[in-house]
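Since the structure comes first, as structure tokens, the remarks are kept for the end.
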Amino acid sequence: MRVVTTARTPTRERRSRRAEILDAAAELFAARGFHGVSIEDIGGAVGTSGPALYRHFSGKEALLAEMLLDISERLHASAAERVTAAPDAESALDALLAGQIEFALSHPALITVHDRELGNVPEPARRRIRRLQRLYVEEWVTVLSELHPGCPPPRLRAATHAVFGLLNSTPHSAGELPPEAMTPLLHAMARAALAEARR
């Protein structure tokens, strides 16, 4: 029997290494703050020297910018795909909630970093992050407008941001319940909160 192996290309290895560095940096930034973490700290967390990280990132600010750009791009792309694939608005909303809850439970450190450190991202990367976030919110507002056609978009937008606050509370609640219990709880609470927007 012939065994087929898949070789790891240099490009894939670099991408994997960058992802490893970004994950380690997110945990450190969340725990100590951006200014409390050095390049040497990040290098040590991934088993290399600080200066070696400059092969991947030009500096700490560039690393932070890519970290927040990457998750903003992934959230927006995932939301657009979920909405497109959904057969109706109810299904689309459930899919959006599932995606946001999955992110919130899997990446609490990124939530903390975004909340505290976005101001340390240099322009124009910060503008790109904010634009992606606005587009992400509008995916939700579009779906909610279909479900509640009489509700003004500003009210739906405010409700969406409020629900993000609820779902993104996981840096504080992580560990209280296992994901299999936390997921339906967050989903039910978010659904109830969004239903109030039409009142």
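We name chains A, B, ... following the order of the structure tokens; residues begin at 1 in each chain, and ligands are numbered from 1 as shown.
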Taking 6 positions as the minimum chain separation for residues in the same chain, which residues sit within 12 Å of A:Leu144 when counting only C-alpha atoms? Answer as an mmCIF file with N, CA and C atoms, in the first residue's frame.
data_model
loop_
_atom_site.group_PDB
_atom_site.id
_atom_site.type_symbol
_atom_site.label_atom_id
_atom_site.label_comp_id
_atom_site.auth_asym_id
_atom_site.auth_seq_id
_atom_site.Cartn_x
_atom_site.Cartn_y
_atom_site.Cartn_z
ATOM 1 N N VAL A 83 -24.532 34.102 7.207
ATOM 2 C CA VAL A 83 -25.774 34.737 6.775
ATOM 3 C C VAL A 83 -26.143 34.280 5.369
ATOM 4 N N ASP A 88 -33.099 31.360 6.149
ATOM 5 C CA ASP A 88 -34.006 32.437 6.516
ATOM 6 C C ASP A 88 -33.364 33.272 7.622
ATOM 7 N N ALA A 89 -34.033 34.356 7.981
ATOM 8 C CA ALA A 89 -33.450 35.287 8.949
ATOM 9 C C ALA A 89 -33.313 34.675 10.338
ATOM 10 N N GLU A 90 -34.279 33.846 10.741
ATOM 11 C CA GLU A 90 -34.183 33.194 12.055
ATOM 12 C C GLU A 90 -32.948 32.306 12.121
ATOM 13 N N SER A 91 -32.726 31.542 11.074
ATOM 14 C CA SER A 91 -31.552 30.672 11.026
ATOM 15 C C SER A 91 -30.274 31.485 10.972
ATOM 16 N N ALA A 92 -30.337 32.605 10.248
ATOM 17 C CA ALA A 92 -29.154 33.463 10.156
ATOM 18 C C ALA A 92 -28.779 34.027 11.517
ATOM 19 N N LEU A 93 -29.780 34.439 12.295
ATOM 20 C CA LEU A 93 -29.495 34.976 13.626
ATOM 21 C C LEU A 93 -28.903 33.896 14.524
ATOM 22 N N ASP A 94 -29.461 32.703 14.472
ATOM 23 C CA ASP A 94 -28.903 31.616 15.279
ATOM 24 C C ASP A 94 -27.460 31.316 14.874
ATOM 25 N N LEU A 96 -25.315 33.481 13.516
ATOM 26 C CA LEU A 96 -24.478 34.584 14.010
ATOM 27 C C LEU A 96 -24.195 34.418 15.501
ATOM 28 N N LEU A 97 -25.211 34.077 16.257
ATOM 29 C CA LEU A 97 -25.025 33.868 17.691
ATOM 30 C C LEU A 97 -24.056 32.727 17.949
ATOM 31 N N VAL A 137 -20.987 44.384 12.596
ATOM 32 C CA VAL A 137 -22.228 44.805 13.268
ATOM 33 C C VAL A 137 -23.365 44.901 12.252
ATOM 34 N N GLU A 138 -23.068 45.432 11.065
ATOM 35 C CA GLU A 138 -24.122 45.605 10.063
ATOM 36 C C GLU A 138 -24.660 44.281 9.560
ATOM 37 N N GLY A 150 -40.219 46.759 11.674
ATOM 38 C CA GLY A 150 -40.707 48.036 12.189
ATOM 39 C C GLY A 150 -39.769 48.696 13.175
ATOM 40 N N CYS A 151 -38.665 48.034 13.492
ATOM 41 C CA CYS A 151 -37.747 48.562 14.499
ATOM 42 C C CYS A 151 -36.668 49.413 13.822
ATOM 43 N N PRO A 152 -36.421 50.627 14.290
ATOM 44 C CA PRO A 152 -35.426 51.496 13.652
ATOM 45 C C PRO A 152 -34.016 50.895 13.736
ATOM 46 N N PRO A 153 -33.231 50.994 12.676
ATOM 47 C CA PRO A 153 -31.865 50.457 12.682
ATOM 48 C C PRO A 153 -30.996 50.936 13.848
ATOM 49 N N PRO A 154 -31.082 52.224 14.255
ATOM 50 C CA PRO A 154 -30.252 52.617 15.409
ATOM 51 C C PRO A 154 -30.564 51.814 16.674
ATOM 52 N N ARG A 155 -31.831 51.471 16.853
ATOM 53 C CA ARG A 155 -32.207 50.664 18.019
ATOM 54 C C ARG A 155 -31.644 49.245 17.885
ATOM 55 N N LEU A 156 -31.719 48.689 16.681
ATOM 56 C CA LEU A 156 -31.177 47.349 16.456
ATOM 57 C C LEU A 156 -29.653 47.341 16.611
ATOM 58 N N ARG A 157 -29.024 48.415 16.175
ATOM 59 C CA ARG A 157 -27.563 48.525 16.306
ATOM 60 C C ARG A 157 -27.169 48.607 17.779
ATOM 61 N N ALA A 158 -27.907 49.388 18.539
ATOM 62 C CA ALA A 158 -27.633 49.499 19.977
ATOM 63 C C ALA A 158 -27.845 48.156 20.666
ATOM 64 N N ALA A 159 -28.895 47.440 20.272
ATOM 65 C CA ALA A 159 -29.161 46.125 20.856
ATOM 66 C C ALA A 159 -28.048 45.137 20.515
ATOM 67 N N THR A 160 -27.543 45.226 19.294
ATOM 68 C CA THR A 160 -26.447 44.338 18.881
ATOM 69 C C THR A 160 -25.211 44.574 19.741
ATOM 70 N N ARG A 191 -30.692 35.755 22.844
ATOM 71 C CA ARG A 191 -31.965 35.750 22.114
ATOM 72 C C ARG A 191 -33.018 36.573 22.865
ATOM 73 N N LEU A 194 -32.205 40.340 22.496
ATOM 74 C CA LEU A 194 -32.509 40.878 21.165
ATOM 75 C C LEU A 194 -34.015 40.987 20.942
ATOM 76 N N ALA A 195 -34.781 40.080 21.548
ATOM 77 C CA ALA A 195 -36.235 40.152 21.397
ATOM 78 C C ALA A 195 -36.790 41.433 22.007
ATOM 79 N N GLU A 196 -36.113 41.945 23.021
ATOM 80 C CA GLU A 196 -36.566 43.178 23.677
ATOM 81 C C GLU A 196 -36.417 44.394 22.766
ATOM 82 N N ALA A 197 -35.553 44.295 21.768
ATOM 83 C CA ALA A 197 -35.298 45.457 20.891
ATOM 84 C C ALA A 197 -36.539 45.871 20.131
ATOM 85 N N ARG A 198 -37.441 44.941 19.876
ATOM 86 C CA ARG A 198 -38.642 45.273 19.065
ATOM 87 C C ARG A 198 -39.760 45.871 19.890
#
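The list of residues with at least one atom within 10 Å of A:Leu63, based on only C-alpha atoms and without residues fewer than 5 positions apart in the same chain, reads Arg18, Ile21, Leu22, Ala25, Ala26, Ile39, Leu53, Tyr54, His56, Phe57, Ser58, Leu68, Leu69 and Val121 of chain A.
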- [ ] Looking only at helix (DSSP H, G or I) from DSSP on the backbone, list the matching residues of stretch 51-186 of chain A as a ChimeraX atom specification.
- [x] /A:51-55,60-85,89-106,108-120,125-147,153-167,170-173,179-186
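Considering the residues A:Ala188, A:Ala80, A:Ala65, A:Ala85 and counting only C-alpha atoms, A:Glu117 has its shortest atom-to-atom contact with A:Ala65.
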A:Glu81 environment, 12 Å, only C-alpha atoms, sequence neighbours closer than 2 positions dropped, as an mmCIF file with N, CA, C and O atoms, in the first residue's frame:
data_model
loop_
_atom_site.group_PDB
_atom_site.id
_atom_site.type_symbol
_atom_site.label_atom_id
_atom_site.label_comp_id
_atom_site.auth_asym_id
_atom_site.auth_seq_id
_atom_site.Cartn_x
_atom_site.Cartn_y
_atom_site.Cartn_z
ATOM 1 N N ARG A 74 -11.605 37.683 10.394
ATOM 2 C CA ARG A 74 -12.203 36.352 10.489
ATOM 3 C C ARG A 74 -13.649 36.415 10.976
ATOM 4 O O ARG A 74 -14.517 35.694 10.459
ATOM 5 N N LEU A 75 -13.919 37.277 11.938
ATOM 6 C CA LEU A 75 -15.294 37.409 12.423
ATOM 7 C C LEU A 75 -16.225 37.929 11.330
ATOM 8 O O LEU A 75 -17.328 37.415 11.144
ATOM 9 N N HIS A 76 -15.763 38.946 10.601
ATOM 10 C CA HIS A 76 -16.611 39.501 9.540
ATOM 11 C C HIS A 76 -16.841 38.487 8.430
ATOM 12 O O HIS A 76 -17.972 38.294 7.968
ATOM 13 N N ALA A 77 -15.781 37.805 8.001
ATOM 14 C CA ALA A 77 -15.914 36.820 6.921
ATOM 15 C C ALA A 77 -16.835 35.675 7.348
ATOM 16 O O ALA A 77 -17.686 35.224 6.569
ATOM 17 N N SER A 78 -16.669 35.210 8.576
ATOM 18 C CA SER A 78 -17.512 34.124 9.068
ATOM 19 C C SER A 78 -18.980 34.550 9.134
ATOM 20 O O SER A 78 -19.873 33.784 8.755
ATOM 21 N N ALA A 79 -19.229 35.767 9.608
ATOM 22 C CA ALA A 79 -20.607 36.251 9.691
ATOM 23 C C ALA A 79 -21.246 36.317 8.309
ATOM 24 O O ALA A 79 -22.392 35.889 8.119
ATOM 25 N N VAL A 83 -24.532 34.102 7.207
ATOM 26 C CA VAL A 83 -25.774 34.737 6.775
ATOM 27 C C VAL A 83 -26.143 34.280 5.369
ATOM 28 O O VAL A 83 -27.310 33.983 5.081
ATOM 29 N N THR A 84 -25.158 34.207 4.483
ATOM 30 C CA THR A 84 -25.415 33.774 3.102
ATOM 31 C C THR A 84 -25.929 32.341 3.050
ATOM 32 O O THR A 84 -26.815 32.010 2.246
ATOM 33 N N ALA A 85 -25.394 31.493 3.914
ATOM 34 C CA ALA A 85 -25.767 30.076 3.889
ATOM 35 C C ALA A 85 -27.101 29.794 4.566
ATOM 36 O O ALA A 85 -27.700 28.745 4.329
ATOM 37 N N ALA A 86 -27.572 30.710 5.396
ATOM 38 C CA ALA A 86 -28.798 30.467 6.165
ATOM 39 C C ALA A 86 -30.035 30.533 5.267
ATOM 40 O O ALA A 86 -30.131 31.396 4.391
ATOM 41 N N ALA A 92 -30.337 32.605 10.248
ATOM 42 C CA ALA A 92 -29.154 33.463 10.156
ATOM 43 C C ALA A 92 -28.779 34.027 11.517
ATOM 44 O O ALA A 92 -27.597 34.073 11.891
ATOM 45 N N ALA A 95 -27.179 31.388 13.575
ATOM 46 C CA ALA A 95 -25.821 31.131 13.094
ATOM 47 C C ALA A 95 -24.854 32.223 13.557
ATOM 48 O O ALA A 95 -23.713 31.948 13.947
ATOM 49 N N LEU A 96 -25.315 33.481 13.516
ATOM 50 C CA LEU A 96 -24.478 34.584 14.010
ATOM 51 C C LEU A 96 -24.195 34.418 15.501
ATOM 52 O O LEU A 96 -23.058 34.620 15.955
ATOM 53 N N GLY A 99 -21.638 31.676 16.069
ATOM 54 C CA GLY A 99 -20.280 32.094 15.742
ATOM 55 C C GLY A 99 -19.681 32.995 16.801
ATOM 56 O O GLY A 99 -18.512 32.839 17.187
ATOM 57 N N TYR A 136 -19.119 44.081 10.529
ATOM 58 C CA TYR A 136 -19.594 42.917 11.285
ATOM 59 C C TYR A 136 -20.924 43.244 11.974
ATOM 60 O O TYR A 136 -21.882 42.465 11.901
ATOM 61 N N GLU A 139 -23.858 43.219 9.589
ATOM 62 C CA GLU A 139 -24.385 41.893 9.246
ATOM 63 C C GLU A 139 -25.516 41.534 10.216
ATOM 64 O O GLU A 139 -26.564 41.014 9.811
#
Counting only C-alpha atoms, which residues of stretch 53-160 of chain A sit at most 8 Å from some atom of stretch 172-184 of chain A, and what is each one's closest atom pair with its distance in Å to one decimal, listed by chain and rising residue number, as a tab-separated table?
residue	atom	partner	partner_atom	distance
A:Ile101	CA	A:Thr183	CA	6.6
A:Glu102	CA	A:Thr183	CA	7.8
A:Leu105	CA	A:Pro179	CA	6.9
A:Pro108	CA	A:Ala174	CA	7.7
Selected residues, C-alpha atoms, written as a tab-separated table (two decimals), in the first residue's frame, please.
chain	number	residue	atom	x	y	z
A	101	ILE	CA	-20.41	32.50	21.22
A	102	GLU	CA	-17.83	30.10	19.82
A	105	LEU	CA	-15.61	30.97	24.63
A	108	PRO	CA	-11.33	35.35	25.94
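For the pair atom CA of A:Arg128 and atom CA of A:Asp115, the interatomic distance is 16.0 Å.
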Open item on the list: Applying 9 Å and only C-alpha atoms, which residues near A:Asn120 remain after dropping the ones on its own chain fewer than 2 positions away? List them as a list of chain:residue names.
Closed with: A:Phe34, A:Glu61, A:Leu64, A:Ala65, A:Arg116, A:Glu117, A:Leu118, A:Pro122, A:Arg126
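The interatomic distance for the pair atom CA of A:Val37 and atom CA of A:Thr112 works out to 14.7 Å.
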- [ ] Mind checking which residues fall within 8 Å of stretch 28-31 of chain A, counting only C-alpha atoms, ignoring those fewer than 4 positions away in the same chain, and posting them as number ranges by chain?
- [x] A: 24, 36-37, 42, 109-110, 112-113
Can I get the selected residues back with N, CA, C and O atoms, as a PDB file, in the first residue's frame?
ATOM      1  N   ALA A  24       0.301  33.333  21.716  1.00  0.00           N
ATOM      2  CA  ALA A  24       1.067  33.530  22.950  1.00  0.00           C
ATOM      3  C   ALA A  24       1.050  34.996  23.370  1.00  0.00           C
ATOM      4  O   ALA A  24       0.899  35.314  24.560  1.00  0.00           O
ATOM      5  N   GLY A  36       3.216  45.994  29.584  1.00  0.00           N
ATOM      6  CA  GLY A  36       3.861  45.151  30.578  1.00  0.00           C
ATOM      7  C   GLY A  36       4.527  43.917  29.994  1.00  0.00           C
ATOM      8  O   GLY A  36       5.048  43.088  30.744  1.00  0.00           O
ATOM      9  N   VAL A  37       4.490  43.810  28.670  1.00  0.00           N
ATOM     10  CA  VAL A  37       5.058  42.640  27.993  1.00  0.00           C
ATOM     11  C   VAL A  37       6.148  43.098  27.033  1.00  0.00           C
ATOM     12  O   VAL A  37       5.949  44.051  26.264  1.00  0.00           O
ATOM     13  N   ILE A  42       7.562  37.539  24.893  1.00  0.00           N
ATOM     14  CA  ILE A  42       6.820  36.809  23.859  1.00  0.00           C
ATOM     15  C   ILE A  42       7.695  35.717  23.261  1.00  0.00           C
ATOM     16  O   ILE A  42       7.247  34.584  23.061  1.00  0.00           O
ATOM     17  N   ALA A 109      -8.948  35.846  25.788  1.00  0.00           N
ATOM     18  CA  ALA A 109      -7.793  36.744  25.845  1.00  0.00           C
ATOM     19  C   ALA A 109      -7.873  37.810  24.757  1.00  0.00           C
ATOM     20  O   ALA A 109      -7.546  38.981  24.995  1.00  0.00           O
ATOM     21  N   LEU A 110      -8.332  37.437  23.561  1.00  0.00           N
ATOM     22  CA  LEU A 110      -8.454  38.410  22.477  1.00  0.00           C
ATOM     23  C   LEU A 110      -9.491  39.480  22.807  1.00  0.00           C
ATOM     24  O   LEU A 110      -9.330  40.644  22.435  1.00  0.00           O
ATOM     25  N   THR A 112     -10.186  40.605  25.811  1.00  0.00           N
ATOM     26  CA  THR A 112      -9.534  41.504  26.758  1.00  0.00           C
ATOM     27  C   THR A 112      -8.554  42.428  26.063  1.00  0.00           C
ATOM     28  O   THR A 112      -8.518  43.638  26.323  1.00  0.00           O
ATOM     29  N   VAL A 113      -7.761  41.876  25.162  1.00  0.00           N
ATOM     30  CA  VAL A 113      -6.759  42.680  24.450  1.00  0.00           C
ATOM     31  C   VAL A 113      -7.446  43.760  23.620  1.00  0.00           C
ATOM     32  O   VAL A 113      -7.030  44.927  23.626  1.00  0.00           O
TER      33      VAL A 113
END
